>>> print(open('upload-v5.cif').read())   # mmCIF, C-alpha atoms
data_upload
loop_
_atom_site.group_PDB
_atom_site.id
_atom_site.type_symbol
_atom_site.label_atom_id
_atom_site.label_comp_id
_atom_site.auth_asym_id
_atom_site.auth_seq_id
_atom_site.Cartn_x
_atom_site.Cartn_y
_atom_site.Cartn_z
ATOM 1 C CA MET A 8 120.669 150.815 124.560
ATOM 2 C CA GLU A 9 118.454 152.090 121.769
ATOM 3 C CA PHE A 10 114.973 150.897 120.830
ATOM 4 C CA LYS A 11 114.498 148.309 118.142
ATOM 5 C CA THR A 12 113.712 149.751 114.721
ATOM 6 C CA TYR A 13 110.050 148.697 114.796
ATOM 7 C CA ASN A 14 109.508 150.930 117.831
ATOM 8 C CA PHE A 15 111.026 154.027 116.259
ATOM 9 C CA ARG A 16 108.012 154.965 114.139
ATOM 10 C CA LYS A 17 106.716 157.047 117.022
ATOM 11 C CA LYS A 18 108.167 158.505 120.229
ATOM 12 C CA TYR A 19 107.674 157.666 123.872
ATOM 13 C CA PHE A 20 106.749 160.256 126.490
ATOM 14 C CA HIS A 21 106.183 160.469 130.230
ATOM 15 C CA LEU A 22 103.174 162.742 130.757
ATOM 16 C CA CYS A 23 102.609 164.097 134.234
ATOM 17 C CA SER A 24 100.217 166.699 135.571
ATOM 18 C CA LYS A 25 101.552 168.927 138.314
ATOM 19 C CA GLY A 26 99.279 168.811 141.329
ATOM 20 C CA THR A 27 101.208 171.044 143.710
ATOM 21 C CA GLU A 28 98.939 174.085 143.440
ATOM 22 C CA LEU A 29 95.649 172.193 143.144
ATOM 23 C CA ASP A 30 92.962 170.832 145.389
ATOM 24 C CA LEU A 31 92.232 167.140 144.981
ATOM 25 C CA LEU A 32 91.110 165.918 141.564
ATOM 26 C CA PHE A 33 89.521 162.780 143.018
ATOM 27 C CA HIS A 34 88.009 162.637 146.495
ATOM 28 C CA ASP A 35 86.485 159.153 146.619
ATOM 29 C CA ASP A 36 85.984 155.898 144.705
ATOM 30 C CA GLU A 37 83.162 157.315 142.601
ATOM 31 C CA GLU A 38 85.366 160.128 141.351
ATOM 32 C CA PHE A 39 88.282 157.748 140.720
ATOM 33 C CA ARG A 40 85.952 155.527 138.658
ATOM 34 C CA SER A 41 84.961 158.605 136.683
ATOM 35 C CA GLY A 42 88.662 159.405 136.213
ATOM 36 C CA MET A 43 89.378 155.915 134.881
ATOM 37 C CA ASN A 44 86.641 156.349 132.290
ATOM 38 C CA ILE A 45 88.007 159.766 131.339
ATOM 39 C CA VAL A 46 91.266 157.999 130.444
ATOM 40 C CA ALA A 47 89.374 155.424 128.358
ATOM 41 C CA LEU A 48 87.434 158.109 126.471
ATOM 42 C CA ALA A 49 90.563 160.169 125.775
ATOM 43 C CA ALA A 50 92.504 157.069 124.676
ATOM 44 C CA PHE A 51 89.740 156.271 122.186
ATOM 45 C CA ARG A 52 89.501 159.825 120.865
ATOM 46 C CA VAL A 53 93.243 160.437 120.384
ATOM 47 C CA PRO A 54 95.443 157.910 118.503
ATOM 48 C CA VAL A 55 98.082 157.378 121.180
ATOM 49 C CA GLU A 56 99.276 154.100 122.644
ATOM 50 C CA ILE A 57 99.183 153.977 126.446
ATOM 51 C CA LEU A 58 101.817 151.695 127.956
ATOM 52 C CA ALA A 59 101.120 152.527 131.597
ATOM 53 C CA PHE A 60 99.180 155.021 133.691
ATOM 54 C CA CYS A 61 98.315 155.855 137.279
ATOM 55 C CA LEU A 62 95.728 158.205 138.758
ATOM 56 C CA MET A 63 96.597 159.750 142.122
ATOM 57 C CA ASP A 64 94.212 161.947 144.048
ATOM 58 C CA ASN A 65 95.726 165.194 142.749
ATOM 59 C CA HIS A 66 97.639 164.282 139.588
ATOM 60 C CA PHE A 67 97.950 161.940 136.602
ATOM 61 C CA HIS A 68 100.894 159.892 135.250
ATOM 62 C CA PHE A 69 101.077 158.321 131.780
ATOM 63 C CA VAL A 70 103.711 156.576 129.680
ATOM 64 C CA VAL A 71 102.521 156.978 126.107
ATOM 65 C CA ARG A 72 103.742 156.325 122.571
ATOM 66 C CA GLY A 73 102.851 158.717 119.744
ATOM 67 C CA GLU A 74 103.774 161.967 118.069
ATOM 68 C CA GLU A 75 104.366 165.096 120.125
ATOM 69 C CA ASP A 76 101.235 166.840 118.843
ATOM 70 C CA GLU A 77 99.227 163.750 119.814
ATOM 71 C CA MET A 78 100.563 164.035 123.368
ATOM 72 C CA HIS A 79 99.190 167.566 123.624
ATOM 73 C CA SER A 80 95.884 166.482 122.059
ATOM 74 C CA PHE A 81 95.625 163.615 124.544
ATOM 75 C CA THR A 82 96.177 165.763 127.655
ATOM 76 C CA LYS A 83 93.869 168.433 126.235
ATOM 77 C CA GLU A 84 91.175 165.789 125.720
ATOM 78 C CA ILE A 85 91.515 164.580 129.313
ATOM 79 C CA SER A 86 91.240 168.151 130.559
ATOM 80 C CA LEU A 87 88.209 168.845 128.378
ATOM 81 C CA ILE A 88 86.276 165.708 129.371
ATOM 82 C CA TYR A 89 87.074 166.287 133.028
ATOM 83 C CA LYS A 90 85.959 169.891 132.822
ATOM 84 C CA THR A 91 82.649 169.083 131.100
ATOM 85 C CA ARG A 92 81.583 166.683 133.837
ATOM 86 C CA ARG A 93 82.432 168.902 136.797
ATOM 87 C CA GLY A 94 78.774 169.857 137.005
ATOM 88 C CA LYS A 95 77.762 166.188 137.155
ATOM 89 C CA THR A 96 80.064 165.218 140.029
ATOM 90 C CA GLU A 97 81.427 166.983 143.067
ATOM 91 C CA VAL A 98 84.933 167.308 141.630
ATOM 92 C CA SER A 99 86.259 170.641 142.811
ATOM 93 C CA ALA A 100 89.770 171.072 141.399
ATOM 94 C CA PRO A 101 89.972 173.789 138.720
ATOM 95 C CA LEU A 102 91.275 171.705 135.830
ATOM 96 C CA GLU A 103 92.126 174.700 133.690
ATOM 97 C CA LYS A 104 95.004 175.346 136.119
ATOM 98 C CA ILE A 105 96.585 171.933 135.609
ATOM 99 C CA VAL A 106 100.046 172.126 134.057
ATOM 100 C CA TRP A 107 101.294 169.106 132.133
ATOM 101 C CA SER A 108 104.921 168.128 131.634
ATOM 102 C CA TYR A 109 106.003 166.169 128.556
ATOM 103 C CA GLN A 110 109.254 164.226 129.013
ATOM 104 C CA LEU A 111 110.666 162.528 125.901
ATOM 105 C CA ILE A 112 111.973 159.019 126.590
ATOM 106 C CA ALA A 113 114.884 158.156 124.315
ATOM 107 C CA GLN A 114 116.312 154.924 125.769
ATOM 108 C CA ALA A 115 114.852 151.521 126.571
ATOM 109 C CA ASP A 116 116.270 151.464 130.107
ATOM 110 C CA TYR A 117 114.722 154.852 130.779
ATOM 111 C CA LEU A 118 111.390 153.606 129.407
ATOM 112 C CA ARG A 119 111.404 150.585 131.731
ATOM 113 C CA ASN A 120 112.340 152.718 134.734
ATOM 114 C CA CYS A 121 109.714 155.300 133.873
ATOM 115 C CA ILE A 122 106.956 152.675 133.639
ATOM 116 C CA ALA A 123 108.156 151.284 136.966
ATOM 117 C CA TYR A 124 108.082 154.728 138.574
ATOM 118 C CA VAL A 125 104.540 155.400 137.358
ATOM 119 C CA LEU A 126 103.226 152.064 138.622
ATOM 120 C CA ARG A 127 104.820 152.290 142.073
ATOM 121 C CA ASN A 128 103.506 155.820 142.671
ATOM 122 C CA PRO A 129 100.888 154.634 145.211
ATOM 123 C CA CYS A 130 103.581 152.922 147.297
ATOM 124 C CA GLN A 131 105.741 156.031 147.215
ATOM 125 C CA ALA A 132 102.731 158.070 148.343
ATOM 126 C CA GLY A 133 102.411 155.915 151.450
ATOM 127 C CA TYR A 134 99.557 153.549 150.567
ATOM 128 C CA ARG A 135 99.971 150.395 152.623
ATOM 129 C CA TYR A 136 99.373 147.746 149.964
ATOM 130 C CA LEU A 137 101.114 146.367 146.894
ATOM 131 C CA PHE A 138 101.296 148.496 143.766
ATOM 132 C CA SER A 139 99.765 145.618 141.784
ATOM 133 C CA THR A 140 96.520 145.848 143.776
ATOM 134 C CA TYR A 141 96.024 149.589 143.265
ATOM 135 C CA ARG A 142 92.724 149.962 141.420
ATOM 136 C CA TRP A 143 93.343 153.265 139.654
ATOM 137 C CA SER A 144 96.260 152.316 137.425
ATOM 138 C CA SER A 145 97.233 149.791 134.756
ATOM 139 C CA ALA A 146 99.370 147.740 137.182
ATOM 140 C CA ARG A 147 96.924 144.828 137.342
ATOM 141 C CA LEU A 148 97.227 144.094 133.627
ATOM 142 C CA TYR A 149 100.806 142.877 133.183
ATOM 143 C CA PHE A 150 102.065 139.288 133.388
ATOM 144 C CA CYS A 151 98.717 137.871 134.467
ATOM 145 C CA ASP A 152 98.084 134.138 134.478
ATOM 146 C CA PRO A 153 96.368 133.420 131.107
ATOM 147 C CA ASP A 154 93.621 131.371 132.745
ATOM 148 C CA LYS A 155 92.900 134.108 135.276
ATOM 149 C CA ARG A 156 92.851 136.687 132.481
ATOM 150 C CA ILE A 157 90.242 134.612 130.660
ATOM 151 C CA GLN A 158 88.214 134.314 133.877
ATOM 152 C CA LEU A 159 88.465 138.067 134.327
ATOM 153 C CA LYS A 160 87.246 138.748 130.815
ATOM 154 C CA ASN A 161 84.388 136.326 131.269
ATOM 155 C CA GLY A 162 83.321 138.332 134.319
ATOM 156 C CA LEU A 163 83.194 141.564 132.354
ATOM 157 C CA ARG A 164 80.320 142.873 130.300
ATOM 158 C CA VAL A 165 80.540 143.852 126.637
ATOM 159 C CA LEU A 166 79.703 147.521 126.147
ATOM 160 C CA GLY A 167 77.469 146.740 123.196
ATOM 161 C CA THR A 168 75.067 144.833 125.474
ATOM 162 C CA TYR A 169 74.225 148.023 127.380
ATOM 163 C CA PRO A 170 71.284 150.081 126.108
ATOM 164 C CA VAL A 171 72.625 153.341 124.660
ATOM 165 C CA ARG A 172 71.000 155.481 127.351
ATOM 166 C CA GLU A 173 72.452 153.346 130.168
ATOM 167 C CA ARG A 174 75.894 153.329 128.546
ATOM 168 C CA ARG A 175 75.915 157.112 128.276
ATOM 169 C CA LYS A 176 74.784 157.437 131.880
ATOM 170 C CA VAL A 177 77.585 155.192 133.145
ATOM 171 C CA LEU A 178 80.243 156.923 131.026
ATOM 172 C CA GLN A 179 78.774 160.390 131.627
ATOM 173 C CA SER A 180 79.452 161.034 127.948
ATOM 174 C CA ARG A 181 77.848 160.776 124.521
ATOM 175 C CA ILE A 182 81.153 159.550 123.036
ATOM 176 C CA GLU A 183 80.499 156.124 121.527
ATOM 177 C CA LEU A 184 83.244 153.655 122.475
ATOM 178 C CA PRO A 185 83.724 150.415 120.489
ATOM 179 C CA GLU A 186 80.891 148.020 121.243
ATOM 180 C CA ASP A 187 83.284 145.098 121.786
ATOM 181 C CA TRP A 188 85.107 146.889 124.613
ATOM 182 C CA LEU A 189 84.587 145.429 128.082
ATOM 183 C CA MET A 190 83.328 147.063 131.284
ATOM 184 C CA THR A 191 83.616 145.969 134.910
ATOM 185 C CA SER A 192 80.680 145.439 137.233
ATOM 186 C CA THR A 193 81.553 148.736 138.951
ATOM 187 C CA GLY A 194 81.126 150.723 135.726
ATOM 188 C CA ILE A 195 84.787 151.138 134.726
ATOM 189 C CA VAL A 196 85.866 150.646 131.143
ATOM 190 C CA TRP A 197 88.450 147.854 131.464
ATOM 191 C CA PRO A 198 91.952 149.304 130.852
ATOM 192 C CA GLY A 199 92.896 146.156 128.950
ATOM 193 C CA ASN A 200 90.810 147.565 126.093
ATOM 194 C CA TYR A 201 93.323 150.332 125.394
ATOM 195 C CA VAL A 202 96.607 149.690 127.264
ATOM 196 C CA ALA A 203 99.457 148.144 125.218
ATOM 197 C CA VAL A 204 99.946 145.214 127.599
ATOM 198 C CA ASN A 205 101.832 143.000 125.148
ATOM 199 C CA GLU A 206 104.346 145.720 124.343
ATOM 200 C CA VAL A 207 105.098 146.298 128.033
ATOM 201 C CA GLU A 208 105.527 142.565 128.630
ATOM 202 C CA GLN A 209 107.903 142.340 125.672
ATOM 203 C CA LEU A 210 109.841 145.329 126.973
ATOM 204 C CA PHE A 211 110.462 143.667 130.365
ATOM 205 C CA ALA A 212 110.720 140.152 128.863
ATOM 206 C CA THR A 213 110.037 138.275 132.131
ATOM 207 C CA PRO A 214 107.926 138.766 135.273
ATOM 208 C CA GLN A 215 111.136 138.688 137.312
ATOM 209 C CA GLU A 216 112.625 141.624 135.378
ATOM 210 C CA TYR A 217 109.341 143.514 135.644
ATOM 211 C CA LEU A 218 109.070 143.083 139.428
ATOM 212 C CA TRP A 219 112.748 143.828 140.018
ATOM 213 C CA THR A 220 112.524 147.076 138.052
ATOM 214 C CA VAL A 221 109.359 148.217 139.830
ATOM 215 C CA LEU A 222 110.580 147.335 143.313
ATOM 216 C CA LYS A 223 114.256 148.324 143.178
ATOM 217 C CA THR A 224 115.247 150.961 145.673
ATOM 218 C CA LYS A 225 116.147 153.905 143.403
ATOM 219 C CA ASP A 226 112.654 155.208 144.015
ATOM 220 C CA TYR A 227 112.866 158.734 142.616
ATOM 221 C CA ARG A 228 115.631 158.359 140.027
ATOM 222 C CA ILE A 229 113.330 159.054 137.100
ATOM 223 C CA LEU A 230 111.613 162.030 138.665
ATOM 224 C CA GLN A 231 114.902 163.536 139.810
ATOM 225 C CA LEU A 232 116.093 163.523 136.191
ATOM 226 C CA GLU A 233 112.953 165.383 135.208
ATOM 227 C CA LEU A 234 113.357 167.829 138.084
ATOM 228 C CA GLU A 235 116.712 168.832 136.625
ATOM 229 C CA ALA A 236 115.481 169.007 133.045
ATOM 230 C CA HIS A 237 111.956 170.379 133.443
ATOM 231 C CA HIS A 238 111.677 171.759 136.972
ATOM 232 C CA VAL A 239 108.826 169.331 137.731
ATOM 233 C CA GLY A 240 108.344 168.975 141.492
ATOM 234 C CA LEU A 241 106.655 166.409 143.641
ATOM 235 C CA SER A 242 103.118 167.128 144.764
ATOM 236 C CA ASP A 243 102.436 168.314 148.309
ATOM 237 C CA LEU A 244 100.751 164.973 148.992
ATOM 238 C CA GLU A 245 103.857 163.012 148.005
ATOM 239 C CA VAL A 246 106.227 165.245 150.004
ATOM 240 C CA ARG A 247 103.904 165.129 153.022
ATOM 241 C CA SER A 248 103.707 161.330 152.789
ATOM 242 C CA ALA A 249 107.504 161.030 152.613
ATOM 243 C CA ALA A 250 107.861 163.403 155.572
ATOM 244 C CA LYS A 251 105.426 161.402 157.714
ATOM 245 C CA MET A 252 107.091 158.088 156.856
ATOM 246 C CA LYS A 253 110.527 159.434 157.783
ATOM 247 C CA CYS A 254 109.092 161.089 160.929
ATOM 248 C CA ARG A 255 107.641 157.750 162.003
ATOM 249 C CA GLU A 256 110.948 156.003 161.290
ATOM 250 C CA TRP A 257 113.061 158.532 163.197
ATOM 251 C CA TYR A 258 110.768 159.612 166.025
ATOM 252 C CA GLY A 259 108.144 156.871 166.386
ATOM 253 C CA SER A 260 105.214 159.110 165.387
ATOM 254 C CA ASP A 261 104.008 160.698 162.162
ATOM 255 C CA ASP A 262 102.673 163.806 163.947
ATOM 256 C CA ILE A 263 105.009 166.490 162.618
ATOM 257 C CA LEU A 264 103.479 169.181 164.819
ATOM 258 C CA GLU A 265 104.801 167.389 167.911
ATOM 259 C CA LEU A 266 108.421 167.785 166.754
ATOM 260 C CA HIS A 267 110.805 170.435 167.986
ATOM 261 C CA VAL A 268 112.156 172.904 165.420
ATOM 262 C CA GLU A 269 115.512 171.069 165.257
ATOM 263 C CA ALA A 270 113.766 167.812 164.322
ATOM 264 C CA ARG A 271 111.677 169.562 161.665
ATOM 265 C CA MET A 272 114.817 171.154 160.239
ATOM 266 C CA ARG A 273 116.380 167.700 160.001
ATOM 267 C CA LEU A 274 113.312 166.530 158.086
ATOM 268 C CA ALA A 275 113.596 169.578 155.825
ATOM 269 C CA GLU A 276 117.199 168.710 154.952
ATOM 270 C CA TYR A 277 116.131 165.136 154.139
ATOM 271 C CA LEU A 278 113.228 166.236 151.916
ATOM 272 C CA ILE A 279 115.389 168.751 150.051
ATOM 273 C CA SER A 280 118.246 166.322 149.408
ATOM 274 C CA LYS A 281 116.061 163.326 148.586
ATOM 275 C CA PHE A 282 113.146 164.874 146.692
ATOM 276 C CA GLY A 283 114.029 168.478 145.872
ATOM 277 C CA ALA A 284 111.184 169.803 148.020
ATOM 278 C CA SER A 285 110.576 173.541 147.643
ATOM 279 C CA ASP A 286 110.629 176.134 150.449
ATOM 280 C CA LYS A 287 106.896 176.609 149.934
ATOM 281 C CA GLN A 288 106.204 172.897 150.408
ATOM 282 C CA LEU A 289 108.470 172.687 153.453
ATOM 283 C CA GLY A 290 106.717 175.674 155.000
ATOM 284 C CA LYS A 291 103.280 174.105 154.580
ATOM 285 C CA ILE A 292 104.189 170.534 155.506
ATOM 286 C CA LEU A 293 106.733 171.100 158.289
ATOM 287 C CA HIS A 294 105.215 174.362 159.553
ATOM 288 C CA LEU A 295 108.464 176.261 159.066
ATOM 289 C CA LYS A 296 108.778 179.884 158.070
ATOM 290 C CA PHE A 297 111.751 180.678 155.849
ATOM 291 C CA ARG A 298 113.314 184.117 155.864
ATOM 292 C CA GLN A 299 113.053 185.812 152.476
ATOM 293 C CA GLU A 300 116.343 187.190 151.102
#
>>> encode(input="upload-v5.cif", output="structure tokens")
Amino acid sequence: MEFKTYNFRKKYFHLCSKGTELDLLFHDDEEFRSGMNIVALAAFRVPVEILAFCLMDNHFHFVVRGEEDEMHSFTKEISLIYKTRRGKTEVSAPLEKIVWSYQLIAQADYLRNCIAYVLRNPCQAGYRYLFSTYRWSSARLYFCDPDKRIQLKNGLRVLGTYPVRERRKVLQSRIELPEDWLMTSTGIVWPGNYVAVNEVEQLFATPQEYLWTVLKTKDYRILQLELEAHHVGLSDLEVRSAAKMKCREWYGSDDILELHVEARMRLAEYLISKFGASDKQLGKILHLKFRQE
């Protein structure tokens, strides 16, 4: 199924930063709030259209529409803004080592599945609440009750009402965002200012289709395709979370160190077949030492 003609003026991409070799990008709520505003600043500076995004503690996910050179400009802008504020916060990950993957999305079904994968990332990582309540993504924006959306907007503050000095302090930047953009009481630029909510809702057509696509059980279908095409692996955090969940299911405890070698080898086989986990990840997470050929 191809896209409608009106959507073919630009291309769709899944942008993902590889977090496997990094320390955490975001350690606490304050740093996640800073990360959300980094996305807002980059979205304003680079003419891309963000359909969905999710910030995890050691990597980013975006589904974006634009030209290929704009994709690179967008990720470069995120890296630059993040890097410039490292002295203002206690963020420790060396951003210059982040590697981005750029996966072209050429079919509507793939686009829907990719958006779904990005939004359910927190659930796949083991967070014990609904994807739609995760604060550091765009998941809260889609298929909202119109009255509640109005109430939400009424509870937000217009950026232009902030004194310039206060606005710059909150954003940790001298970049001037549109004065009619809205900000939450916790100092986050509201993602509804820059996320293409209407386009995503049109793509899924109904709330039922949206929820079914996000919650269906083929959890890593999209990422497995990218593993084959681009050699993009899951982060250590995601593999560790999957290992602990399966350990709890099989053995009644998520303490991997308590397992015998045979049980850890069984987990290794599961993680390799299900998620394409690397020997390096298995060694760190399952405390196994693989013989080098």
>>> atom_distance(input="upload-v5.cif", atom1="atom CA of A:Leu31", atom2="atom CA of A:Lys90")
14.0 Å
>>> residues_around(input="upload-v5.cif", residues="A:Ile88", least_positions_apart="2", cutoff="12 Å", atoms="all atoms listed in the file", output="ChimeraX atom specification")
/A:41-50,52,81-86,90-95,102-103,178-182
>>> closest_residue(input="upload-v5.cif", among="A:His21, A:His79, A:Lys281, A:Lys223", to="A:Tyr117", atoms="all atoms listed in the file")
A:His21
>>> residues_near_point(input="upload-v5.cif", point="(101.8, 154.9, 128.4)", cutoff="10 Å", atoms="all atoms listed in the file", output="list in words")
Tyr19, Phe20, His21, Leu22, Val55, Glu56, Ile57, Leu58, Ala59, Phe60, Cys61, His68, Phe69, Val70, Val71, Arg72, Gly73, Leu118, Cys121, Ile122, Val125, Ser145, Val202, Ala203, Val204 and Val207 of chain A
>>> residues_around(input="upload-v5.cif", residues="A:Val268", least_positions_apart="4", cutoff="9 Å", atoms="only C-alpha atoms", output="mmCIF file with C-alpha atoms, in the frame of the given file")
data_model
loop_
_atom_site.group_PDB
_atom_site.id
_atom_site.type_symbol
_atom_site.label_atom_id
_atom_site.label_comp_id
_atom_site.auth_asym_id
_atom_site.auth_seq_id
_atom_site.Cartn_x
_atom_site.Cartn_y
_atom_site.Cartn_z
ATOM 1 C CA MET A 272 114.817 171.154 160.239
ATOM 2 C CA ARG A 273 116.380 167.700 160.001
ATOM 3 C CA LEU A 295 108.464 176.261 159.066
#
>>> atom_distance(input="upload-v5.cif", atom1="atom CA of A:Glu173", atom2="atom CA of A:Thr191")
14.2 Å
>>> residues_around(input="upload-v5.cif", residues="A:Trp219", least_positions_apart="4", cutoff="12 Å", atoms="only C-alpha atoms", output="PyMOL selection string")
chain A and resi 119-120+123-124+127+211-215+223-225
>>> resolve_selection(input="upload-v5.cif", expression="the PyMOL selection byres ((chain A and resi 189) around 10)", output="short mmCIF file (atom, residue, chain, number, x, y, z; two decimals) with C-alpha atoms, keeping the file's coordinate frame")
data_model
loop_
_atom_site.label_atom_id
_atom_site.label_comp_id
_atom_site.auth_asym_id
_atom_site.auth_seq_id
_atom_site.Cartn_x
_atom_site.Cartn_y
_atom_site.Cartn_z
CA LYS A 160 87.25 138.75 130.82
CA ASN A 161 84.39 136.33 131.27
CA GLY A 162 83.32 138.33 134.32
CA LEU A 163 83.19 141.56 132.35
CA ARG A 164 80.32 142.87 130.30
CA VAL A 165 80.54 143.85 126.64
CA LEU A 166 79.70 147.52 126.15
CA GLY A 167 77.47 146.74 123.20
CA THR A 168 75.07 144.83 125.47
CA PRO A 185 83.72 150.42 120.49
CA GLU A 186 80.89 148.02 121.24
CA ASP A 187 83.28 145.10 121.79
CA TRP A 188 85.11 146.89 124.61
CA MET A 190 83.33 147.06 131.28
CA THR A 191 83.62 145.97 134.91
CA SER A 192 80.68 145.44 137.23
CA GLY A 194 81.13 150.72 135.73
CA ILE A 195 84.79 151.14 134.73
CA VAL A 196 85.87 150.65 131.14
CA TRP A 197 88.45 147.85 131.46
CA PRO A 198 91.95 149.30 130.85
CA GLY A 199 92.90 146.16 128.95
CA ASN A 200 90.81 147.56 126.09
#
>>> atom_distance(input="upload-v5.cif", atom1="atom CA of A:Leu293", atom2="atom CA of A:Ile263")
6.6 Å
>>> residues_around(input="upload-v5.cif", residues="A:Ala146", least_positions_apart="5", cutoff="8 Å", atoms="only C-alpha atoms", output="ChimeraX atom specification")
/A:59,126,138-141
>>> write_last_selection(input="upload-v5.cif", atoms="C-alpha atoms", output="tab-separated table (two decimals), keeping the file's coordinate frame")
chain	number	residue	atom	x	y	z
A	59	ALA	CA	101.12	152.53	131.60
A	126	LEU	CA	103.23	152.06	138.62
A	138	PHE	CA	101.30	148.50	143.77
A	139	SER	CA	99.76	145.62	141.78
A	140	THR	CA	96.52	145.85	143.78
A	141	TYR	CA	96.02	149.59	143.26
>>> axis_aligned_box(input="upload-v5.cif", around="stretch 116-125 of chain A", padding_each_side="8 Å", output="AutoDock Vina command-line options")
--center_x 110.4 --center_y 153.0 --center_z 134.0 --size_x 27.7 --size_y 20.8 --size_z 25.2
>>> residues_around(input="upload-v5.cif", residues="stretch 249-254 of chain A", least_positions_apart="6", cutoff="9 Å", atoms="all atoms listed in the file", output="number ranges by chain")
A: 131-133, 260-263, 266, 270-271, 274-275, 277-278, 292-293
>>> resolve_selection(input="upload-v5.cif", expression="the PyMOL selection byres ((chain A and resi 291) around 12)", output="list in words")
Thr27, Glu28, Asp243, Leu244, Val246, Arg247, Ala250, Ile263, Leu264, Arg271, Ala275, Ala284, Ser285, Asp286, Lys287, Gln288, Leu289, Gly290, Ile292, Leu293, His294, Leu295, Lys296 and Phe297 of chain A
>>> residues_near_point(input="upload-v5.cif", point="(93.0, 162.6, 147.1)", cutoff="8 Å", atoms="only C-alpha atoms", output="ChimeraX atom specification")
/A:31-35,63-65
>>> build_atoms(input="upload-v5.cif", residues="stretch 182-187 of chain A", atoms="all heavy atoms", output="PDB file, in the coordinates of the input")
ATOM      1  N   ILE A 182      80.138 160.171 123.893  1.00  0.00           N
ATOM      2  CA  ILE A 182      81.153 159.550 123.036  1.00  0.00           C
ATOM      3  C   ILE A 182      80.866 158.056 122.950  1.00  0.00           C
ATOM      4  O   ILE A 182      80.672 157.382 123.964  1.00  0.00           O
ATOM      5  CB  ILE A 182      82.568 159.780 123.599  1.00  0.00           C
ATOM      6  CG1 ILE A 182      82.897 161.281 123.625  1.00  0.00           C
ATOM      7  CG2 ILE A 182      83.616 159.022 122.783  1.00  0.00           C
ATOM      8  CD1 ILE A 182      84.204 161.611 124.329  1.00  0.00           C
ATOM      9  N   GLU A 183      80.824 157.538 121.744  1.00  0.00           N
ATOM     10  CA  GLU A 183      80.499 156.124 121.527  1.00  0.00           C
ATOM     11  C   GLU A 183      81.793 155.309 121.438  1.00  0.00           C
ATOM     12  O   GLU A 183      82.511 155.373 120.450  1.00  0.00           O
ATOM     13  CB  GLU A 183      79.664 155.957 120.250  1.00  0.00           C
ATOM     14  CG  GLU A 183      78.279 156.580 120.326  1.00  0.00           C
ATOM     15  CD  GLU A 183      77.401 155.915 121.380  1.00  0.00           C
ATOM     16  OE1 GLU A 183      77.614 154.721 121.675  1.00  0.00           O
ATOM     17  OE2 GLU A 183      76.497 156.593 121.910  1.00  0.00           O
ATOM     18  N   LEU A 184      82.086 154.544 122.484  1.00  0.00           N
ATOM     19  CA  LEU A 184      83.244 153.655 122.475  1.00  0.00           C
ATOM     20  C   LEU A 184      82.935 152.395 121.668  1.00  0.00           C
ATOM     21  O   LEU A 184      81.764 152.076 121.431  1.00  0.00           O
ATOM     22  CB  LEU A 184      83.611 153.271 123.907  1.00  0.00           C
ATOM     23  CG  LEU A 184      84.078 154.415 124.823  1.00  0.00           C
ATOM     24  CD1 LEU A 184      84.323 153.893 126.232  1.00  0.00           C
ATOM     25  CD2 LEU A 184      85.328 155.075 124.276  1.00  0.00           C
ATOM     26  N   PRO A 185      83.962 151.660 121.234  1.00  0.00           N
ATOM     27  CA  PRO A 185      83.724 150.415 120.489  1.00  0.00           C
ATOM     28  C   PRO A 185      82.808 149.459 121.254  1.00  0.00           C
ATOM     29  O   PRO A 185      82.982 149.270 122.461  1.00  0.00           O
ATOM     30  CB  PRO A 185      85.131 149.828 120.320  1.00  0.00           C
ATOM     31  CG  PRO A 185      86.039 151.030 120.353  1.00  0.00           C
ATOM     32  CD  PRO A 185      85.405 151.965 121.345  1.00  0.00           C
ATOM     33  N   GLU A 186      81.874 148.866 120.572  1.00  0.00           N
ATOM     34  CA  GLU A 186      80.891 148.020 121.243  1.00  0.00           C
ATOM     35  C   GLU A 186      81.482 146.731 121.786  1.00  0.00           C
ATOM     36  O   GLU A 186      80.885 146.089 122.646  1.00  0.00           O
ATOM     37  CB  GLU A 186      79.734 147.717 120.291  1.00  0.00           C
ATOM     38  CG  GLU A 186      78.907 148.941 119.938  1.00  0.00           C
ATOM     39  CD  GLU A 186      77.528 148.579 119.428  1.00  0.00           C
ATOM     40  OE1 GLU A 186      77.316 147.398 119.079  1.00  0.00           O
ATOM     41  OE2 GLU A 186      76.654 149.474 119.395  1.00  0.00           O
ATOM     42  N   ASP A 187      82.677 146.329 121.282  1.00  0.00           N
ATOM     43  CA  ASP A 187      83.284 145.098 121.786  1.00  0.00           C
ATOM     44  C   ASP A 187      84.201 145.347 122.982  1.00  0.00           C
ATOM     45  O   ASP A 187      84.791 144.421 123.518  1.00  0.00           O
ATOM     46  CB  ASP A 187      84.053 144.374 120.679  1.00  0.00           C
ATOM     47  CG  ASP A 187      85.189 145.217 120.096  1.00  0.00           C
ATOM     48  OD1 ASP A 187      85.237 146.437 120.363  1.00  0.00           O
ATOM     49  OD2 ASP A 187      86.022 144.651 119.367  1.00  0.00           O
TER      50      ASP A 187
END
